[in-house]
>>> print(open('input26.tsv').read())   # TSV, C-alpha atoms
chain	number	residue	atom	x	y	z
A	97	MET	CA	-43.83	-20.54	-23.11
A	98	GLN	CA	-44.91	-16.98	-22.30
A	99	GLU	CA	-46.68	-18.11	-19.13
A	100	GLU	CA	-43.50	-19.77	-17.86
A	101	VAL	CA	-41.55	-16.55	-18.24
A	102	THR	CA	-44.09	-14.26	-16.59
A	103	GLN	CA	-45.07	-16.49	-13.66
A	104	LYS	CA	-42.77	-17.15	-10.74
A	105	THR	CA	-43.12	-19.48	-7.79
A	106	ILE	CA	-42.28	-18.22	-4.32
A	107	ALA	CA	-41.85	-20.44	-1.27
A	108	LEU	CA	-43.00	-18.82	1.97
A	109	SER	CA	-42.66	-20.57	5.30
A	110	VAL	CA	-44.39	-19.34	8.44
A	111	ASN	CA	-43.66	-20.65	11.93
A	112	VAL	CA	-46.80	-20.98	14.01
A	113	GLY	CA	-46.54	-20.83	17.80
A	114	LYS	CA	-47.60	-23.61	20.15
A	115	GLY	CA	-50.76	-21.81	21.28
A	116	ALA	CA	-52.17	-21.44	17.78
A	117	ALA	CA	-52.35	-24.91	16.33
A	118	ARG	CA	-53.15	-23.73	12.82
A	119	LEU	CA	-52.37	-20.89	10.48
A	120	THR	CA	-55.15	-18.30	10.25
A	121	GLU	CA	-55.98	-16.14	7.26
A	122	GLN	CA	-54.81	-12.99	9.07
A	123	ALA	CA	-51.42	-14.52	9.92
A	124	LEU	CA	-50.93	-15.63	6.31
A	125	GLN	CA	-51.92	-12.19	5.05
A	126	LYS	CA	-49.42	-10.51	7.43
A	127	ALA	CA	-46.66	-12.87	6.32
A	128	ILE	CA	-47.30	-12.12	2.64
A	129	GLN	CA	-47.42	-8.36	3.28
A	130	LYS	CA	-44.14	-8.50	5.19
A	131	PHE	CA	-42.53	-10.46	2.36
A	132	LEU	CA	-43.71	-7.93	-0.24
A	133	GLU	CA	-42.39	-5.02	1.86
A	134	GLN	CA	-38.97	-6.63	2.11
A	135	ARG	CA	-38.93	-7.30	-1.60
A	136	LYS	CA	-39.73	-3.66	-2.41
A	137	SER	CA	-37.05	-2.30	-0.08
A	138	HIS	CA	-34.35	-4.60	-1.44
A	139	THR	CA	-31.94	-2.68	-3.67
A	140	PRO	CA	-29.16	-4.50	-5.51
A	141	HIS	CA	-25.54	-3.86	-4.54
A	142	GLY	CA	-22.28	-4.21	-6.43
A	143	LYS	CA	-22.28	-4.72	-10.18
A	144	GLN	CA	-25.68	-4.04	-11.71
A	145	THR	CA	-27.33	-2.92	-14.91
A	146	MET	CA	-27.68	0.72	-15.86
A	147	ARG	CA	-31.45	0.51	-15.36
A	148	GLN	CA	-31.07	-0.75	-11.79
A	149	LEU	CA	-28.53	1.98	-11.03
A	150	MET	CA	-30.77	4.71	-12.44
A	151	LYS	CA	-33.78	3.47	-10.42
A	152	GLN	CA	-31.98	4.34	-7.19
A	153	ASN	CA	-32.33	8.11	-7.94
A	154	ALA	CA	-28.88	9.01	-6.67
A	155	GLY	CA	-27.39	10.82	-9.67
A	156	VAL	CA	-24.89	8.95	-11.82
A	157	SER	CA	-21.25	9.82	-12.59
A	158	ASN	CA	-18.79	7.94	-14.74
A	159	ILE	CA	-15.08	7.24	-15.23
A	160	GLU	CA	-13.47	5.96	-18.41
A	161	ILE	CA	-11.11	2.98	-18.25
A	162	THR	CA	-9.02	1.63	-21.11
A	163	ASP	CA	-7.87	-1.50	-19.31
A	164	SER	CA	-9.44	-4.71	-20.59
A	165	ASN	CA	-8.92	-6.47	-17.25
A	166	ILE	CA	-12.00	-5.04	-15.59
A	167	LYS	CA	-12.73	-8.20	-13.56
A	168	ALA	CA	-9.94	-7.29	-11.16
A	169	PHE	CA	-11.69	-3.98	-10.43
A	170	GLU	CA	-14.87	-5.78	-9.36
A	171	SER	CA	-13.21	-7.27	-6.27
A	172	THR	CA	-11.95	-3.84	-5.19
A	173	ALA	CA	-15.39	-2.29	-5.76
A	174	LYS	CA	-16.96	-5.09	-3.74
A	175	LYS	CA	-14.54	-4.36	-0.89
A	176	TYR	CA	-15.57	-0.69	-0.84
A	177	ASN	CA	-19.29	-1.57	-1.28
A	178	ILE	CA	-19.70	0.49	-4.46
A	179	ASP	CA	-22.75	0.16	-6.69
A	180	PHE	CA	-21.56	0.40	-10.30
A	181	SER	CA	-22.41	-0.47	-13.87
A	182	LEU	CA	-20.06	-1.17	-16.77
A	183	LYS	CA	-20.60	-0.13	-20.35
A	184	LYS	CA	-18.25	-1.15	-23.15
A	185	VAL	CA	-17.50	1.58	-25.68
A	186	LYS	CA	-16.62	0.30	-29.14
A	187	GLY	CA	-13.86	1.99	-31.06
A	188	GLU	CA	-10.24	1.45	-32.04
A	189	GLN	CA	-9.40	0.63	-28.43
A	190	THR	CA	-11.44	-1.35	-25.95
A	191	ARG	CA	-12.69	1.18	-23.44
A	192	TYR	CA	-15.07	0.85	-20.55
A	193	LEU	CA	-17.22	3.43	-18.82
A	194	VAL	CA	-17.77	2.74	-15.15
A	195	PHE	CA	-20.99	4.39	-13.96
A	196	PHE	CA	-21.50	4.87	-10.23
A	197	LYS	CA	-23.66	6.89	-7.87
A	198	GLY	CA	-22.72	10.54	-7.49
A	199	ARG	CA	-22.52	10.30	-3.71
A	200	ASP	CA	-19.95	7.49	-4.03
A	201	ALA	CA	-17.42	9.73	-5.82
A	202	ASP	CA	-14.97	9.92	-2.88
A	203	VAL	CA	-15.20	6.20	-2.24
A	204	MET	CA	-14.76	5.54	-5.96
A	205	THR	CA	-11.53	7.57	-6.12
A	206	ALA	CA	-10.15	5.66	-3.12
A	207	ALA	CA	-11.08	2.34	-4.74
A	208	PHE	CA	-9.45	3.40	-8.03
A	209	LYS	CA	-6.25	4.38	-6.21
A	210	GLU	CA	-6.09	0.97	-4.55
A	211	PHE	CA	-6.91	-0.80	-7.81
A	212	SER	CA	-4.24	1.05	-9.79
A	213	ALA	CA	-1.64	0.47	-7.05
A	214	LYS	CA	-2.45	-3.23	-7.08
A	215	LYS	CA	-2.13	-3.36	-10.88
A	216	LEU	CA	1.24	-1.56	-10.78
A	217	THR	CA	2.66	-3.96	-8.20
A	218	GLN	CA	1.49	-6.91	-10.29
A	219	GLU	CA	3.26	-5.53	-13.35
A	220	LYS	CA	6.50	-4.94	-11.41
A	221	LYS	CA	6.64	-8.49	-10.09
A	222	PRO	CA	8.63	-10.85	-12.31
A	223	SER	CA	6.70	-13.59	-14.00
A	224	ILE	CA	7.39	-16.93	-12.31
A	225	ARG	CA	6.76	-18.86	-15.53
A	226	LYS	CA	9.32	-16.80	-17.45
A	227	LEU	CA	11.85	-17.25	-14.66
A	228	LEU	CA	11.22	-20.99	-14.57
A	229	SER	CA	11.61	-21.37	-18.35
A	230	SER	CA	14.89	-19.40	-18.34
A	231	LEU	CA	16.24	-21.57	-15.50
A	232	LYS	CA	15.25	-24.74	-17.41
A	233	GLU	CA	17.17	-23.53	-20.47
A	234	LYS	CA	20.19	-22.73	-18.32
A	235	ALA	CA	20.07	-26.18	-16.68
A	236	ALA	CA	19.79	-27.86	-20.09
A	237	GLY	CA	22.87	-25.90	-21.25
A	238	LEU	CA	24.88	-27.03	-18.20
A	239	ASN	CA	23.88	-30.66	-18.75
A	240	ALA	CA	24.95	-30.50	-22.41
A	241	GLN	CA	28.45	-29.29	-21.42
A	242	ARG	CA	28.98	-32.09	-18.93
A	243	ASP	CA	30.98	-35.07	-20.20
A	244	LYS	CA	29.23	-38.36	-20.27
A	245	VAL	CA	31.52	-41.01	-18.86
A	246	LYS	CA	30.36	-44.57	-18.80
A	247	ASN	CA	32.85	-47.15	-17.60
A	248	LYS	CA	31.92	-50.72	-17.08
A	249	ASP	CA	34.54	-52.81	-15.38
A	250	ARG	CA	34.09	-56.56	-15.06
A	251	GLU	CA	37.39	-57.48	-13.60
A	252	VAL	CA	37.73	-59.51	-10.51
A	253	SER	CA	39.86	-57.92	-7.88
A	254	LEU	CA	41.65	-60.02	-5.30
>>> encode(input="input26.tsv", output="structure tokens")
Amino acid sequence: MQEEVTQKTIALSVNVGKGAARLTEQALQKAIQKFLEQRKSHTPHGKQTMRQLMKQNAGVSNIEITDSNIKAFESTAKKYNIDFSLKKVKGEQTRYLVFFKGRDADVMTAAFKEFSAKKLTQEKKPSIRKLLSSLKEKAAGLNAQRDKVKNKDREVSL
């Protein structure tokens, strides 16, 4: 079980030109070195763990949020290309600490302004389900007031 966790398989494909009919040791070595360089330089973006954020050596700042709907913030942060990490603080209220790079402070304030404006407009909009249920009740009340008239005439008219 331990071997399965520690070992990973990597697929590497190398295109060989027409002149060289086979893959040489040097070409394979260059391809592996290039792959390892790219893997080292790759830094994660967007939502990440605190450890990944701290590894980037950029200085970390934080903002406290009391809103439990933090998923909506992630789309705004993705739009502004912010690297951040969330930490839930236990207490009487559900609070979140949003950690981000220190150099992203200006971008973070702009993203928070947009996020809070979006949340305010969502709260101001009337709920369609509530409106629909109130209109159903009103329609049921109007139908109850209407007289039910059923006349069946079987006379023959000349």
>>> closest_residue(input="input26.tsv", among="A:Asp202, A:Glu170, A:Glu160, A:Glu251", to="A:His141", atoms="all atoms listed in the file")
A:Glu170
>>> residues_around(input="input26.tsv", residues="A:Asp179", least_positions_apart="6", cutoff="7 Å", atoms="all atoms listed in the file", output="ChimeraX atom specification")
/A:141-143,196-197
>>> residues_around(input="input26.tsv", residues="A:Gly113", least_positions_apart="6", cutoff="12 Å", atoms="all atoms listed in the file", output="ChimeraX atom specification")
/A:119-120,123
>>> closest_residue(input="input26.tsv", among="A:Gln241, A:Asn158, A:Gln148, A:Thr205", to="A:Tyr176", atoms="all atoms listed in the file")
A:Thr205
>>> build_atoms(input="input26.tsv", residues="stretch 181-215 of chain A", atoms="N, CA and C atoms", output="PDB file, in the coordinates of the input")
ATOM      1  N   SER A 181     -21.979   0.179 -12.638  1.00  0.00           N
ATOM      2  CA  SER A 181     -22.410  -0.470 -13.870  1.00  0.00           C
ATOM      3  C   SER A 181     -21.331  -0.249 -14.915  1.00  0.00           C
ATOM      4  N   LEU A 182     -21.086  -1.267 -15.724  1.00  0.00           N
ATOM      5  CA  LEU A 182     -20.060  -1.170 -16.770  1.00  0.00           C
ATOM      6  C   LEU A 182     -20.715  -1.064 -18.129  1.00  0.00           C
ATOM      7  N   LYS A 183     -20.124  -0.240 -18.980  1.00  0.00           N
ATOM      8  CA  LYS A 183     -20.600  -0.130 -20.350  1.00  0.00           C
ATOM      9  C   LYS A 183     -19.379  -0.136 -21.254  1.00  0.00           C
ATOM     10  N   LYS A 184     -19.378  -1.031 -22.220  1.00  0.00           N
ATOM     11  CA  LYS A 184     -18.250  -1.150 -23.150  1.00  0.00           C
ATOM     12  C   LYS A 184     -18.470  -0.177 -24.301  1.00  0.00           C
ATOM     13  N   VAL A 185     -17.433   0.616 -24.597  1.00  0.00           N
ATOM     14  CA  VAL A 185     -17.500   1.580 -25.680  1.00  0.00           C
ATOM     15  C   VAL A 185     -16.676   1.026 -26.836  1.00  0.00           C
ATOM     16  N   LYS A 186     -17.323   0.852 -27.984  1.00  0.00           N
ATOM     17  CA  LYS A 186     -16.620   0.300 -29.140  1.00  0.00           C
ATOM     18  C   LYS A 186     -15.858   1.407 -29.851  1.00  0.00           C
ATOM     19  N   GLY A 187     -14.722   1.054 -30.364  1.00  0.00           N
ATOM     20  CA  GLY A 187     -13.860   1.990 -31.060  1.00  0.00           C
ATOM     21  C   GLY A 187     -12.574   1.298 -31.426  1.00  0.00           C
ATOM     22  N   GLU A 188     -11.514   2.081 -31.703  1.00  0.00           N
ATOM     23  CA  GLU A 188     -10.240   1.450 -32.040  1.00  0.00           C
ATOM     24  C   GLU A 188      -9.612   0.749 -30.843  1.00  0.00           C
ATOM     25  N   GLN A 189      -9.862   1.269 -29.659  1.00  0.00           N
ATOM     26  CA  GLN A 189      -9.400   0.630 -28.430  1.00  0.00           C
ATOM     27  C   GLN A 189     -10.615   0.135 -27.641  1.00  0.00           C
ATOM     28  N   THR A 190     -10.378  -0.883 -26.833  1.00  0.00           N
ATOM     29  CA  THR A 190     -11.440  -1.350 -25.950  1.00  0.00           C
ATOM     30  C   THR A 190     -11.450  -0.437 -24.731  1.00  0.00           C
ATOM     31  N   ARG A 191     -12.550   0.272 -24.565  1.00  0.00           N
ATOM     32  CA  ARG A 191     -12.690   1.180 -23.440  1.00  0.00           C
ATOM     33  C   ARG A 191     -13.948   0.818 -22.676  1.00  0.00           C
ATOM     34  N   TYR A 192     -13.920   1.097 -21.397  1.00  0.00           N
ATOM     35  CA  TYR A 192     -15.070   0.850 -20.550  1.00  0.00           C
ATOM     36  C   TYR A 192     -15.448   2.134 -19.822  1.00  0.00           C
ATOM     37  N   LEU A 193     -16.737   2.347 -19.664  1.00  0.00           N
ATOM     38  CA  LEU A 193     -17.220   3.430 -18.820  1.00  0.00           C
ATOM     39  C   LEU A 193     -17.787   2.788 -17.564  1.00  0.00           C
ATOM     40  N   VAL A 194     -17.283   3.228 -16.428  1.00  0.00           N
ATOM     41  CA  VAL A 194     -17.770   2.740 -15.150  1.00  0.00           C
ATOM     42  C   VAL A 194     -18.705   3.803 -14.591  1.00  0.00           C
ATOM     43  N   PHE A 195     -19.988   3.471 -14.518  1.00  0.00           N
ATOM     44  CA  PHE A 195     -20.990   4.390 -13.960  1.00  0.00           C
ATOM     45  C   PHE A 195     -21.192   4.047 -12.500  1.00  0.00           C
ATOM     46  N   PHE A 196     -21.290   5.071 -11.665  1.00  0.00           N
ATOM     47  CA  PHE A 196     -21.500   4.870 -10.230  1.00  0.00           C
ATOM     48  C   PHE A 196     -22.335   6.016  -9.699  1.00  0.00           C
ATOM     49  N   LYS A 197     -22.832   5.853  -8.496  1.00  0.00           N
ATOM     50  CA  LYS A 197     -23.660   6.890  -7.870  1.00  0.00           C
ATOM     51  C   LYS A 197     -22.814   8.121  -7.581  1.00  0.00           C
ATOM     52  N   GLY A 198     -23.427   9.282  -7.709  1.00  0.00           N
ATOM     53  CA  GLY A 198     -22.720  10.540  -7.490  1.00  0.00           C
ATOM     54  C   GLY A 198     -22.204  10.683  -6.071  1.00  0.00           C
ATOM     55  N   ARG A 199     -22.943  10.171  -5.103  1.00  0.00           N
ATOM     56  CA  ARG A 199     -22.520  10.300  -3.710  1.00  0.00           C
ATOM     57  C   ARG A 199     -21.355   9.378  -3.378  1.00  0.00           C
ATOM     58  N   ASP A 200     -21.060   8.414  -4.249  1.00  0.00           N
ATOM     59  CA  ASP A 200     -19.950   7.490  -4.030  1.00  0.00           C
ATOM     60  C   ASP A 200     -18.648   7.975  -4.676  1.00  0.00           C
ATOM     61  N   ALA A 201     -18.580   9.233  -5.077  1.00  0.00           N
ATOM     62  CA  ALA A 201     -17.420   9.730  -5.820  1.00  0.00           C
ATOM     63  C   ALA A 201     -16.132   9.616  -4.998  1.00  0.00           C
ATOM     64  N   ASP A 202     -16.179   9.994  -3.722  1.00  0.00           N
ATOM     65  CA  ASP A 202     -14.970   9.920  -2.880  1.00  0.00           C
ATOM     66  C   ASP A 202     -14.540   8.474  -2.669  1.00  0.00           C
ATOM     67  N   VAL A 203     -15.506   7.621  -2.439  1.00  0.00           N
ATOM     68  CA  VAL A 203     -15.200   6.200  -2.240  1.00  0.00           C
ATOM     69  C   VAL A 203     -14.658   5.604  -3.531  1.00  0.00           C
ATOM     70  N   MET A 204     -15.201   6.052  -4.660  1.00  0.00           N
ATOM     71  CA  MET A 204     -14.760   5.540  -5.960  1.00  0.00           C
ATOM     72  C   MET A 204     -13.312   5.937  -6.238  1.00  0.00           C
ATOM     73  N   THR A 205     -12.921   7.155  -5.900  1.00  0.00           N
ATOM     74  CA  THR A 205     -11.530   7.570  -6.120  1.00  0.00           C
ATOM     75  C   THR A 205     -10.587   6.752  -5.240  1.00  0.00           C
ATOM     76  N   ALA A 206     -10.977   6.482  -4.005  1.00  0.00           N
ATOM     77  CA  ALA A 206     -10.150   5.660  -3.120  1.00  0.00           C
ATOM     78  C   ALA A 206     -10.021   4.239  -3.665  1.00  0.00           C
ATOM     79  N   ALA A 207     -11.114   3.690  -4.172  1.00  0.00           N
ATOM     80  CA  ALA A 207     -11.080   2.340  -4.740  1.00  0.00           C
ATOM     81  C   ALA A 207     -10.207   2.310  -5.997  1.00  0.00           C
ATOM     82  N   PHE A 208     -10.284   3.350  -6.815  1.00  0.00           N
ATOM     83  CA  PHE A 208      -9.450   3.400  -8.030  1.00  0.00           C
ATOM     84  C   PHE A 208      -7.977   3.517  -7.677  1.00  0.00           C
ATOM     85  N   LYS A 209      -7.650   4.273  -6.631  1.00  0.00           N
ATOM     86  CA  LYS A 209      -6.250   4.380  -6.210  1.00  0.00           C
ATOM     87  C   LYS A 209      -5.716   3.013  -5.781  1.00  0.00           C
ATOM     88  N   GLU A 210      -6.515   2.298  -5.002  1.00  0.00           N
ATOM     89  CA  GLU A 210      -6.090   0.970  -4.550  1.00  0.00           C
ATOM     90  C   GLU A 210      -5.968   0.012  -5.730  1.00  0.00           C
ATOM     91  N   PHE A 211      -6.921   0.075  -6.644  1.00  0.00           N
ATOM     92  CA  PHE A 211      -6.910  -0.800  -7.810  1.00  0.00           C
ATOM     93  C   PHE A 211      -5.695  -0.547  -8.684  1.00  0.00           C
ATOM     94  N   SER A 212      -5.393   0.732  -8.936  1.00  0.00           N
ATOM     95  CA  SER A 212      -4.240   1.050  -9.790  1.00  0.00           C
ATOM     96  C   SER A 212      -2.934   0.697  -9.093  1.00  0.00           C
ATOM     97  N   ALA A 213      -2.851   0.868  -7.779  1.00  0.00           N
ATOM     98  CA  ALA A 213      -1.640   0.470  -7.050  1.00  0.00           C
ATOM     99  C   ALA A 213      -1.443  -1.038  -7.114  1.00  0.00           C
ATOM    100  N   LYS A 214      -2.533  -1.779  -7.004  1.00  0.00           N
ATOM    101  CA  LYS A 214      -2.450  -3.230  -7.080  1.00  0.00           C
ATOM    102  C   LYS A 214      -1.997  -3.676  -8.468  1.00  0.00           C
ATOM    103  N   LYS A 215      -2.509  -3.017  -9.506  1.00  0.00           N
ATOM    104  CA  LYS A 215      -2.130  -3.360 -10.880  1.00  0.00           C
ATOM    105  C   LYS A 215      -0.651  -3.048 -11.127  1.00  0.00           C
TER     106      LYS A 215
END
